[in-house]
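Asks: Here it is, the structure in full.
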Amino acid sequence: PAATETPTPAGPTATPVAAAAADLNVLFTTSTFVNGSPASYTISVGNRGPNATDQPVAVQLALPAGVRLVGSSGAGFTCSTVGQVVTCT
């Protein structure tokens with residue numbers, strides 16, 4: 001890819017493990033990607049209601065080939081990675 005081309009993943013998903021009338025929304029942004037330089041994906045999850053989820057929410061992102069994960073974190077989330085898939089719960 002070109003030096004400033006942003007690798008585009010399939011898109012994050014946010015799913016409550018068991019939702020009770022929750023309406024989750026996901027906002028996904030990226031920084032500009034330059035070959036060999038750090039960049040970032042930011043995923044924000046919200047609940048438009050009318051109810052809170054009754055179970056934890058899982059957010060999952062499949063990183064494109066060639067993108068190397070340096071770290072993942074989120075307030076109130078525990079993140080793990082298997083291959084190119086990052087999951088935060």
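A note on labels: chains of the structure tokens are A, B, ... as shown, every chain counts residues from 1, and ligands are counted from 1 in their shown order.
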Name all residues at most 9 Å from Ser31 in chain A (count only C-alpha atoms; drop same-chain ones fewer than 4 positions away) and give them as number ranges by chain.
Replies: A: 6, 39-42
Asks: Between A:Ala75, A:Leu61, A:Val67, A:Val85, which is the closest to Ser37 in chain A once you count only C-alpha atoms?
Replies: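 That would be A:Val67, the residue with the smallest distance to Ser37 in chain A.
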Asks: For Ala52 in chain A, find every residue with an atom within 9 Å (counting only C-alpha atoms), except residues of its own chain fewer than 2 positions away, and show them as a PyMOL selection string.
Replies: chain A and resi 19-23+47-50+54-55
Asks: Write the residues you've just listed into a file as a PDB file, in the first residue's frame, and include N, CA and C atoms for each of them.
Replies:
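The new file selection_37.pdb reads:
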ATOM      1  N   ALA A  19     -28.347  -8.849  25.912  1.00  0.00           N
ATOM      2  CA  ALA A  19     -28.895  -7.504  26.071  1.00  0.00           C
ATOM      3  C   ALA A  19     -30.385  -7.559  26.382  1.00  0.00           C
ATOM      4  N   ALA A  20     -30.813  -6.631  27.212  1.00  0.00           N
ATOM      5  CA  ALA A  20     -32.232  -6.495  27.519  1.00  0.00           C
ATOM      6  C   ALA A  20     -32.678  -5.130  27.013  1.00  0.00           C
ATOM      7  N   ALA A  21     -33.105  -5.065  25.764  1.00  0.00           N
ATOM      8  CA  ALA A  21     -33.585  -3.828  25.138  1.00  0.00           C
ATOM      9  C   ALA A  21     -32.531  -2.728  25.136  1.00  0.00           C
ATOM     10  N   ALA A  22     -31.280  -3.103  25.052  1.00  0.00           N
ATOM     11  CA  ALA A  22     -30.210  -2.119  24.902  1.00  0.00           C
ATOM     12  C   ALA A  22     -30.030  -1.849  23.416  1.00  0.00           C
ATOM     13  N   ASP A  23     -29.617  -0.641  23.069  1.00  0.00           N
ATOM     14  CA  ASP A  23     -29.381  -0.268  21.672  1.00  0.00           C
ATOM     15  C   ASP A  23     -27.963   0.275  21.581  1.00  0.00           C
ATOM     16  N   ASN A  47     -24.673   3.330  24.519  1.00  0.00           N
ATOM     17  CA  ASN A  47     -25.956   2.648  24.627  1.00  0.00           C
ATOM     18  C   ASN A  47     -27.057   3.693  24.528  1.00  0.00           C
ATOM     19  N   ARG A  48     -27.840   3.607  23.456  1.00  0.00           N
ATOM     20  CA  ARG A  48     -28.947   4.543  23.255  1.00  0.00           C
ATOM     21  C   ARG A  48     -30.198   4.095  24.004  1.00  0.00           C
ATOM     22  N   GLY A  49     -30.102   2.997  24.740  1.00  0.00           N
ATOM     23  CA  GLY A  49     -31.187   2.543  25.605  1.00  0.00           C
ATOM     24  C   GLY A  49     -32.323   1.853  24.878  1.00  0.00           C
ATOM     25  N   PRO A  50     -33.438   1.695  25.490  1.00  0.00           N
ATOM     26  CA  PRO A  50     -33.844   2.387  26.699  1.00  0.00           C
ATOM     27  C   PRO A  50     -33.303   1.761  27.985  1.00  0.00           C
ATOM     28  N   ASP A  54     -27.660  -6.147  30.557  1.00  0.00           N
ATOM     29  CA  ASP A  54     -27.635  -6.923  31.800  1.00  0.00           C
ATOM     30  C   ASP A  54     -26.434  -7.852  31.862  1.00  0.00           C
ATOM     31  N   GLN A  55     -25.560  -7.759  30.846  1.00  0.00           N
ATOM     32  CA  GLN A  55     -24.343  -8.548  30.789  1.00  0.00           C
ATOM     33  C   GLN A  55     -23.232  -7.662  30.225  1.00  0.00           C
TER      34      GLN A  55
END
Asks: So which one's closest to Gln84 in chain A, A:Val70, A:Leu63, A:Val57, A:Leu24? Using only C-alpha atoms, please.
Replies: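 For Gln84 in chain A, the nearest of the candidates is A:Leu63.
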Asks: Measure the distance from CA of Thr81 in chain A to CA of Gly66 in chain A in Å and round it to one decimal.
Replies: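 Answer for the CA of Thr81 in chain A to CA of Gly66 in chain A separation: 15.2 Å.
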Asks: Could you work out how far CA of Val59 in chain A lies from CA of Thr87 in chain A, giving the answer in Å with one decimal?
Replies: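 Computing it gives 5.6 Å between the two atoms.
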Asks: Calculate how many Å separate CA of Thr78 in chain A from CA of Gly46 in chain A, rounding to one decimal.
Replies: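 Separation of CA of Thr78 in chain A and CA of Gly46 in chain A: 17.0 Å.
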Asks: For each of A:Asn51, A:Thr30, A:Asn35, A:Thr89, take the minimum atom-to-atom distance to Arg68 in chain A, counting only C-alpha atoms, then give the residue where this is smallest.
Replies: A:Asn35
